[in-house]
Each structure stands twice: as structure tokens, then as C-alpha cells.
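Student: Handing over entry-v3.cif, mmCIF, C-alpha atoms.
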```
data_start
#
loop_
_atom_site.label_atom_id
_atom_site.label_comp_id
_atom_site.auth_asym_id
_atom_site.auth_seq_id
_atom_site.Cartn_x
_atom_site.Cartn_y
_atom_site.Cartn_z
CA MET J 214 0.00 0.00 0.00
CA HIS J 215 2.94 2.33 0.59
CA VAL J 216 3.53 2.35 -3.18
CA TYR J 217 0.46 4.60 -3.41
CA ALA J 218 1.48 6.80 -0.47
CA ASN J 219 2.76 9.39 -2.91
CA PRO J 220 -0.22 11.64 -3.89
CA ALA J 221 1.16 12.10 -7.44
CA ARG J 222 1.34 8.33 -7.95
CA PHE J 223 -2.12 7.90 -6.43
CA LEU J 224 -3.56 10.59 -8.74
CA LYS J 225 -2.03 8.91 -11.78
CA ILE J 226 -4.17 5.85 -11.01
CA ALA J 227 -7.21 7.67 -9.58
CA ARG J 228 -7.73 9.98 -12.59
CA PRO J 229 -8.55 7.25 -15.15
CA LEU J 230 -10.15 5.01 -12.52
CA THR J 231 -12.77 7.57 -11.37
CA PRO J 232 -14.81 7.77 -14.64
CA LEU J 233 -14.32 4.04 -15.24
CA LEU J 234 -15.85 3.12 -11.85
CA GLY J 235 -18.49 5.83 -12.09
CA TRP J 236 -19.83 5.02 -15.56
CA SER J 237 -19.67 1.23 -15.18
CA GLY J 238 -21.42 1.54 -11.80
CA ALA J 239 -24.15 3.80 -13.25
CA ALA J 240 -24.74 1.43 -16.20
CA LEU J 241 -24.95 -1.60 -13.92
CA ILE J 242 -27.34 0.19 -11.52
CA ALA J 243 -29.60 1.25 -14.42
CA ALA J 244 -29.76 -2.30 -15.80
CA ALA J 245 -30.25 -3.93 -12.37
CA LEU J 246 -32.98 -1.50 -11.28
CA TYR J 247 -34.80 -1.88 -14.60
CA ILE J 248 -34.82 -5.66 -14.13
CA GLY J 249 -35.74 -5.29 -10.46
CA LEU J 250 -38.63 -2.92 -11.15
CA PHE J 251 -40.10 -4.36 -14.34
CA LEU J 252 -38.84 -7.90 -15.03
CA ALA J 253 -38.24 -9.66 -11.70
CA PRO J 254 -41.30 -11.41 -10.26
CA PRO J 255 -43.17 -10.18 -7.15
CA GLU J 256 -42.52 -12.14 -3.96
CA ARG J 257 -45.08 -14.74 -2.83
CA LEU J 258 -45.87 -13.09 0.55
CA GLN J 259 -44.70 -9.49 0.20
CA GLY J 260 -45.91 -8.94 -3.36
CA GLU J 261 -44.64 -5.88 -5.24
CA SER J 262 -43.16 -4.18 -2.15
CA VAL J 263 -40.21 -6.61 -2.37
CA ARG J 264 -38.86 -4.50 -5.27
CA ILE J 265 -37.44 -2.13 -2.62
CA ILE J 266 -34.87 -4.88 -1.91
CA TYR J 267 -32.87 -3.84 -5.02
CA ILE J 268 -32.04 -0.47 -3.46
CA HIS J 269 -32.37 -1.19 0.26
CA VAL J 270 -29.83 -4.03 0.46
CA PRO J 271 -27.10 -2.21 -1.56
CA ALA J 272 -27.63 0.89 0.63
CA ALA J 273 -27.29 -1.22 3.81
CA TRP J 274 -24.20 -2.96 2.43
CA LEU J 275 -22.56 0.38 1.54
CA GLY J 276 -23.45 1.93 4.89
CA MET J 277 -21.49 -0.87 6.56
CA ALA J 278 -18.77 -0.99 3.88
CA GLY J 279 -18.21 2.75 4.35
CA TRP J 280 -17.43 2.29 8.03
CA THR J 281 -15.28 -0.77 7.26
CA ALA J 282 -13.27 1.48 4.92
CA ILE J 283 -12.97 4.14 7.64
CA ALA J 284 -11.76 1.54 10.17
CA ALA J 285 -9.23 0.01 7.70
CA ALA J 286 -7.89 3.44 6.71
CA SER J 287 -7.73 4.50 10.37
CA LEU J 288 -5.69 1.39 11.19
CA MET J 289 -3.31 2.18 8.32
CA GLN J 290 -3.03 5.75 9.56
CA ILE J 291 -2.26 4.79 13.16
CA VAL J 292 0.01 1.79 12.53
CA TRP J 293 1.79 2.62 9.26
CA ARG J 294 1.24 6.40 9.15
CA HIS J 295 0.13 6.12 5.54
CA PRO J 296 -0.17 9.73 4.33
CA LEU J 297 -3.32 9.14 2.27
CA ALA J 298 -5.11 7.04 4.91
CA ALA J 299 -6.72 9.96 6.77
CA ILE J 300 -7.85 11.48 3.45
CA ALA J 301 -9.36 8.13 2.37
CA ALA J 302 -11.19 7.74 5.71
CA ARG J 303 -12.63 11.25 5.54
CA ALA J 304 -13.62 10.70 1.88
CA ALA J 305 -15.59 7.54 2.79
CA ALA J 306 -17.49 9.16 5.69
CA VAL J 307 -20.08 11.31 3.87
CA PRO J 308 -20.97 8.66 1.23
CA GLY J 309 -21.22 6.07 4.02
CA ALA J 310 -23.55 8.33 6.00
CA VAL J 311 -25.70 9.04 2.93
CA PHE J 312 -26.13 5.33 2.14
CA THR J 313 -26.89 4.54 5.80
CA ALA J 314 -29.59 7.23 5.75
CA LEU J 315 -30.92 5.82 2.45
CA CYS J 316 -30.99 2.34 3.98
CA LEU J 317 -33.05 3.62 6.92
CA ALA J 318 -35.39 5.60 4.64
CA THR J 319 -35.98 2.76 2.16
CA GLY J 320 -36.33 0.24 5.01
CA SER J 321 -38.94 2.45 6.60
CA LEU J 322 -40.82 2.73 3.27
CA TRP J 323 -40.66 -1.05 2.92
CA GLY J 324 -41.77 -1.59 6.51
CA ARG J 325 -45.09 0.25 6.11
CA PRO J 326 -46.66 -2.11 3.49
CA ALA J 327 -44.79 -5.23 4.73
CA TRP J 328 -45.09 -4.89 8.53
CA GLY J 329 -47.71 -2.15 8.90
CA THR J 330 -45.26 0.29 10.52
CA TYR J 331 -42.60 2.77 9.37
CA TRP J 332 -40.40 2.16 12.40
CA GLU J 333 -39.83 -0.40 15.14
CA TRP J 334 -37.05 -0.37 17.77
CA ASP J 335 -35.82 -3.67 16.35
CA GLY J 336 -32.16 -4.73 16.74
CA ARG J 337 -31.20 -4.28 13.07
CA MET J 338 -32.92 -0.94 12.62
CA THR J 339 -31.65 0.48 15.90
CA SER J 340 -28.03 -0.60 15.24
CA MET J 341 -28.23 0.99 11.75
CA LEU J 342 -29.51 4.21 13.35
CA VAL J 343 -26.55 4.06 15.78
CA LEU J 344 -24.26 3.70 12.73
CA LEU J 345 -25.75 6.88 11.24
CA PHE J 346 -25.05 8.76 14.48
CA LEU J 347 -21.50 7.36 14.53
CA TYR J 348 -21.02 8.75 11.01
CA PHE J 349 -22.25 12.18 12.15
CA GLY J 350 -19.81 12.07 15.09
CA TYR J 351 -16.93 11.00 12.86
CA ILE J 352 -17.63 13.71 10.24
CA ALA J 353 -17.76 16.41 12.94
CA LEU J 354 -14.63 15.16 14.72
CA ALA J 355 -12.56 14.66 11.55
CA GLY J 356 -13.62 18.09 10.23
CA ALA J 357 -12.75 19.82 13.50
CA GLU J 358 -9.35 18.09 13.70
CA LYS J 359 -8.51 19.01 10.10
CA GLU J 360 -9.52 22.62 10.69
CA LYS J 361 -7.11 22.80 13.64
CA GLY J 362 -4.33 21.35 11.47
CA GLY J 363 -4.19 18.05 13.38
CA GLU J 364 -3.18 14.68 11.94
CA GLY J 365 -6.63 13.23 12.53
CA ARG J 366 -5.50 10.66 15.12
CA LEU J 367 -8.55 11.20 17.35
CA ALA J 368 -10.87 10.65 14.39
CA ALA J 369 -8.86 7.52 13.49
CA ILE J 370 -9.30 6.11 17.02
CA PHE J 371 -13.02 6.94 16.82
CA GLY J 372 -13.17 5.16 13.45
CA LEU J 373 -11.60 2.04 14.94
CA VAL J 374 -13.75 2.01 18.08
CA GLY J 375 -16.92 2.62 16.04
CA ALA J 376 -16.23 -0.58 14.08
CA VAL J 377 -17.52 -2.48 17.14
CA ASN J 378 -21.01 -1.65 15.85
CA LEU J 379 -20.47 -3.59 12.59
CA PRO J 380 -20.73 -7.15 14.02
CA ILE J 381 -23.65 -5.94 16.16
CA ILE J 382 -25.49 -4.89 12.97
CA HIS J 383 -24.58 -8.15 11.23
CA TYR J 384 -25.65 -10.47 14.06
CA SER J 385 -28.57 -8.33 15.31
CA VAL J 386 -31.08 -10.44 13.32
CA LEU J 387 -29.81 -13.57 15.07
CA TRP J 388 -29.48 -12.13 18.59
CA TRP J 389 -32.82 -10.27 18.68
CA ARG J 390 -35.51 -11.93 16.57
CA THR J 391 -38.13 -9.19 16.14
CA LEU J 392 -39.55 -7.72 12.93
CA HIS J 393 -36.53 -7.58 10.61
CA GLN J 394 -36.08 -10.73 8.56
CA GLY J 395 -33.04 -12.94 9.05
CA GLN J 396 -30.00 -13.30 6.83
CA SER J 397 -30.95 -14.35 3.27
CA ILE J 398 -27.49 -14.50 1.68
CA ASN J 399 -24.49 -16.17 3.30
CA PHE J 400 -21.35 -15.21 1.37
CA LEU J 401 -19.09 -17.40 3.53
CA ARG J 402 -21.09 -20.56 2.76
CA GLY J 403 -22.14 -19.38 -0.72
CA THR J 404 -25.81 -20.04 0.04
CA SER J 405 -28.95 -17.97 -0.52
CA THR J 406 -32.65 -18.39 0.25
CA ILE J 407 -33.55 -15.89 -2.52
CA ASP J 408 -34.69 -17.25 -5.89
CA ALA J 409 -32.21 -16.71 -8.74
CA SER J 410 -34.69 -14.47 -10.61
CA MET J 411 -34.43 -11.97 -7.74
CA LEU J 412 -30.89 -12.75 -6.58
CA TRP J 413 -29.07 -11.76 -9.80
CA PRO J 414 -30.56 -8.27 -10.15
CA LEU J 415 -29.90 -7.79 -6.43
CA LEU J 416 -26.21 -8.75 -6.76
CA ALA J 417 -25.87 -6.64 -9.92
CA SER J 418 -27.39 -3.64 -8.13
CA ALA J 419 -25.07 -4.14 -5.12
CA LEU J 420 -22.05 -4.35 -7.43
CA GLY J 421 -23.17 -1.27 -9.41
CA PHE J 422 -23.69 0.83 -6.27
CA SER J 423 -20.32 -0.40 -4.93
CA LEU J 424 -18.51 0.72 -8.09
CA LEU J 425 -20.25 4.11 -7.90
CA PHE J 426 -19.32 4.35 -4.21
CA GLY J 427 -15.67 3.76 -5.18
CA ALA J 428 -15.89 6.56 -7.77
CA ILE J 429 -17.43 8.94 -5.19
CA VAL J 430 -14.66 8.18 -2.66
CA LEU J 431 -12.00 8.79 -5.33
CA MET J 432 -13.65 12.09 -6.31
CA ARG J 433 -13.70 13.23 -2.69
CA MET J 434 -10.07 12.18 -2.18
CA ARG J 435 -9.02 14.09 -5.32
CA ALA J 436 -10.98 17.14 -4.08
CA GLU J 437 -9.18 17.09 -0.74
CA LEU J 438 -5.77 16.59 -2.38
CA GLY J 439 -6.51 19.56 -4.67
CA ARG J 440 -7.50 21.77 -1.72
CA ASN J 441 -4.39 20.68 0.23
CA LYS J 442 -2.22 21.56 -2.77
CA VAL J 443 -3.75 25.05 -3.01
CA GLU J 444 -3.36 25.58 0.73
CA ALA J 445 0.31 24.50 0.69
CA ARG J 446 1.07 26.72 -2.35
CA LEU J 447 -0.62 29.76 -0.77
CA LYS J 448 1.34 29.24 2.47
CA ARG J 449 4.59 28.98 0.49
CA MET J 450 3.76 32.11 -1.50
CA ALA J 451 2.94 34.03 1.69
CA ALA J 452 6.24 32.96 3.25
CA GLU J 453 8.33 34.09 0.23
CA MET V 127 -52.55 -1.63 0.85
CA ASN V 128 -51.20 -0.58 -2.56
CA PRO V 129 -47.38 -1.01 -2.31
CA TRP V 130 -46.49 1.01 -5.45
CA PRO V 131 -46.46 4.50 -3.83
CA PHE V 132 -43.94 3.11 -1.29
CA VAL V 133 -41.82 1.46 -4.00
CA ILE V 134 -41.80 4.65 -6.10
CA ALA V 135 -40.96 6.81 -3.05
CA ALA V 136 -38.08 4.49 -2.07
CA TYR V 137 -36.61 4.56 -5.60
CA ALA V 138 -37.05 8.35 -5.86
CA VAL V 139 -35.31 8.97 -2.51
CA THR V 140 -32.42 6.64 -3.40
CA LEU V 141 -31.87 7.98 -6.91
CA ALA V 142 -32.14 11.62 -5.78
CA GLY V 143 -29.78 11.04 -2.84
CA THR V 144 -27.22 9.15 -4.92
CA ALA V 145 -27.35 11.66 -7.82
CA SER V 146 -26.94 14.62 -5.42
CA LEU V 147 -23.96 12.93 -3.75
CA VAL V 148 -22.28 12.20 -7.11
CA LEU V 149 -22.89 15.75 -8.36
CA TRP V 150 -21.64 17.36 -5.14
CA SER V 151 -18.48 15.21 -5.11
CA TRP V 152 -17.82 15.82 -8.83
CA ILE V 153 -18.23 19.63 -8.53
CA ALA V 154 -15.99 19.73 -5.44
CA MET V 155 -13.32 17.67 -7.25
CA ARG V 156 -13.44 19.76 -10.45
CA ARG V 157 -13.29 23.03 -8.50
CA ALA V 158 -10.38 21.92 -6.26
CA GLU V 159 -8.35 20.52 -9.17
CA ALA V 160 -9.01 23.61 -11.33
CA ASP V 161 -7.88 25.91 -8.48
CA ALA V 162 -4.72 23.83 -7.97
CA ASP V 163 -3.94 23.88 -11.73
CA LYS V 164 -4.55 27.63 -11.94
CA LEU V 165 -2.14 28.25 -9.08
CA SER V 166 0.50 25.93 -10.63
CA ARG V 167 0.30 27.84 -13.92
CA ARG V 168 0.64 31.20 -12.14
CA GLN V 169 3.93 30.20 -10.52
#
```
Would you mind giving the structure from this file in C-alpha cells?
Tutor:
Amino acid sequence: MHVYANPARFLKIARPLTPLLGWSGAALIAAALYIGLFLAPPERLQGESVRIIYIHVPAAWLGMAGWTAIAAASLMQIVWRHPLAAIAARAAAVPGAVFTALCLATGSLWGRPAWGTYWEWDGRMTSMLVLLFLYFGYIALAGAEKEKGGEGRLAAIFGLVGAVNLPIIHYSVLWWRTLHQGQSINFLRGTSTIDASMLWPLLASALGFSLLFGAIVLMRMRAELGRNKVEARLKRMAAE
Amino acid sequence: MNPWPFVIAAYAVTLAGTASLVLWSWIAMRRAEADADKLSRRQ
């Protein structure tokens, strides 16, 4: 990873990669959502409301993946002092928070026709709400530290500690059996209880949103690197 | 209960949220990189 520690080397890869991830992600999302909305069959018990799965599950996955990225980057920052790690963690925070909020909103809209309620203090929903608040805390802390010219070590520690919530979210449907349905896809065992006609558009949508998420993170990293460059130049010019 | 208004609302919220995030990130990137390039050319 230290090969990419040099911002110039990172930008050389990030510049062509950003549109590639963005456009391929957008195309995949468009195709998957078209299939999900118009071609995939309705579910036996939930009927047409199951079509929300094609946006709700990718949003949930990216909400958790965003914090996983923050925790991994924070670890790299603390242990290896990777110069781009703090920038990567900050770049993943806002997209992660947005997808967590979208997961809660779409879940709520799914809950009304499926369960008869927009909200229930169920283990999965509550732990996702906690994740959203963790994102807000991280964004505020990282922003304040950057403004003061700090290295962002406090935010990195917060990012690592906050990762404790990830297994809680994952296992919440097993520990507290309330309204939220259990796990349908097990990647470790390679098993799924979802029919292939619904599973493929779901996986395609998740992959498409993941590619787009990668493009968004790269865009935000490039924006911060650009701002840092301007700031450093202005400081140098003022000193001369 | 007709589920379609809920399905449409969920898709609208997701697409609007995702599109806004992409646009915001793209504008911020373009602006920051243009400012950095402008300053490099001035020196």
C-alpha cells in the first residue's frame, strides 16, 4: 500500500479510474434496477413491495462498507502512518452516512406495506440508526481536527472504536428476533434463500452501487488533495 | 394496501440522494483541481 502513499502516484491511477468506476457503476445500476422494477417477479408473501430490496440491500451494504473502509484506513493511519489514509477515511465518511440514511429511509418505506409500521425499535434498525449517528460524530470530529491542522488521530481512534457496531449490525437479526427478517445470503457458505430471478438483479445492483461508491470516494479524495495543494502553495507564496 | 407508492418513493429517494452525492463530489473535485492547476500555472 505504501507504493500509493505518494499523492502524485495515487492521482495517476485515480484519474482514469474515477470515470471508469463511475460510468460502469451507473450502467450496472440502471440495468439492475430496470430488471428489479419491471422484469423480476413479485414475492409470494410481500408482493410488489419486495422491489425495494434492489435499493435497500445495496444501501445497507454500503453503509457498513463505508465504516469498514474508515476503520481500515484508520488502522493504516495509526500503525503505518500512511499519508493518504486519513484522506481516504474522511472521503468515505459522507458517502457512508448518505447510504446509511438511504438504507433507513428505504427500510422504513418497505416496513409500512410489509409490517404495517414505518419504524420499530428492532435490533437491526436500531443498530443501523446508531451507525448513522456514529457517522455524524466521525464527520464532525474529523472536520474539526482538520480545521485545527491536526493529523486526525482522534478521528482515526473513533473510526476504529466505532467498528464495534459492525458485528452488532450483522448479528442483530440472530441475537434479537423481532420484525426484521433474518439473513438471506451467506457469502461465507455461498448459500442464498432468494430465488435466482431476484438474486441476480440484487447482486448486480449491489455491485453497481459499490462501483459508484468507489468513484465517489476517489472524487472526494481528489478534491481534498486539490484543496491541500492550493493551501500548501498559498502558504509557500505568503512565506516568500 | 397498494405497495407502489412506497416502492416509487423508495426509488425516488435513493436515486435523488445518490445523484446529489455524485454531483456534489464531482463539482468539489473539479473546483479543487481547477484551483490547484490555476495556481500551478501562475507560478
Student: Which neighbours of Trp389 (chain J) fall inside 12 Å, counting only C-alpha atoms, when residues of the same chain fewer than 2 positions from it are skipped, and could you give them as a list of chain:residue names?
Tutor: J:Trp334, J:Asp335, J:Gly336, J:Arg337, J:Met338, J:Thr339, J:Ser340, J:Ile381, J:Ile382, J:His383, J:Tyr384, J:Ser385, J:Val386, J:Leu387, J:Thr391, J:Leu392, J:His393, J:Gln394, J:Gly395
Student: Given a cut-off of 6 Å, which residues of chain V touch chain J, counting only C-alpha atoms, written out as a VMD selection string?
Tutor: chain V and resid 129 132 to 133 136 151 154 to 155 158 to 159 162
Student: Step by step, work through what the PyMOL selection byres ((chain J and resi 378) around 10) selects in the shown file, and finish by giving those residues as a PDB file with C-alpha atoms, in the frame of the given file.
Tutor:
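Result written to expr-v8.pdb:
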```pdb
ATOM      1  CA  MET J 277     -21.490  -0.870   6.560  1.00  0.00           C
ATOM      2  CA  TRP J 280     -17.430   2.290   8.030  1.00  0.00           C
ATOM      3  CA  SER J 340     -28.030  -0.600  15.240  1.00  0.00           C
ATOM      4  CA  MET J 341     -28.230   0.990  11.750  1.00  0.00           C
ATOM      5  CA  VAL J 343     -26.550   4.060  15.780  1.00  0.00           C
ATOM      6  CA  LEU J 344     -24.260   3.700  12.730  1.00  0.00           C
ATOM      7  CA  LEU J 347     -21.500   7.360  14.530  1.00  0.00           C
ATOM      8  CA  VAL J 374     -13.750   2.010  18.080  1.00  0.00           C
ATOM      9  CA  GLY J 375     -16.920   2.620  16.040  1.00  0.00           C
ATOM     10  CA  ALA J 376     -16.230  -0.580  14.080  1.00  0.00           C
ATOM     11  CA  VAL J 377     -17.520  -2.480  17.140  1.00  0.00           C
ATOM     12  CA  LEU J 379     -20.470  -3.590  12.590  1.00  0.00           C
ATOM     13  CA  PRO J 380     -20.730  -7.150  14.020  1.00  0.00           C
ATOM     14  CA  ILE J 381     -23.650  -5.940  16.160  1.00  0.00           C
ATOM     15  CA  ILE J 382     -25.490  -4.890  12.970  1.00  0.00           C
ATOM     16  CA  HIS J 383     -24.580  -8.150  11.230  1.00  0.00           C
TER      17      HIS J 383
END
```
Student: For CA of Trp293 (chain J) and CA of Lys448 (chain J), determine how far apart the two atoms are, in Å to one decimal place.
Tutor: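 One can read the CA of Trp293 (chain J) to CA of Lys448 (chain J) distance as 27.5 Å.
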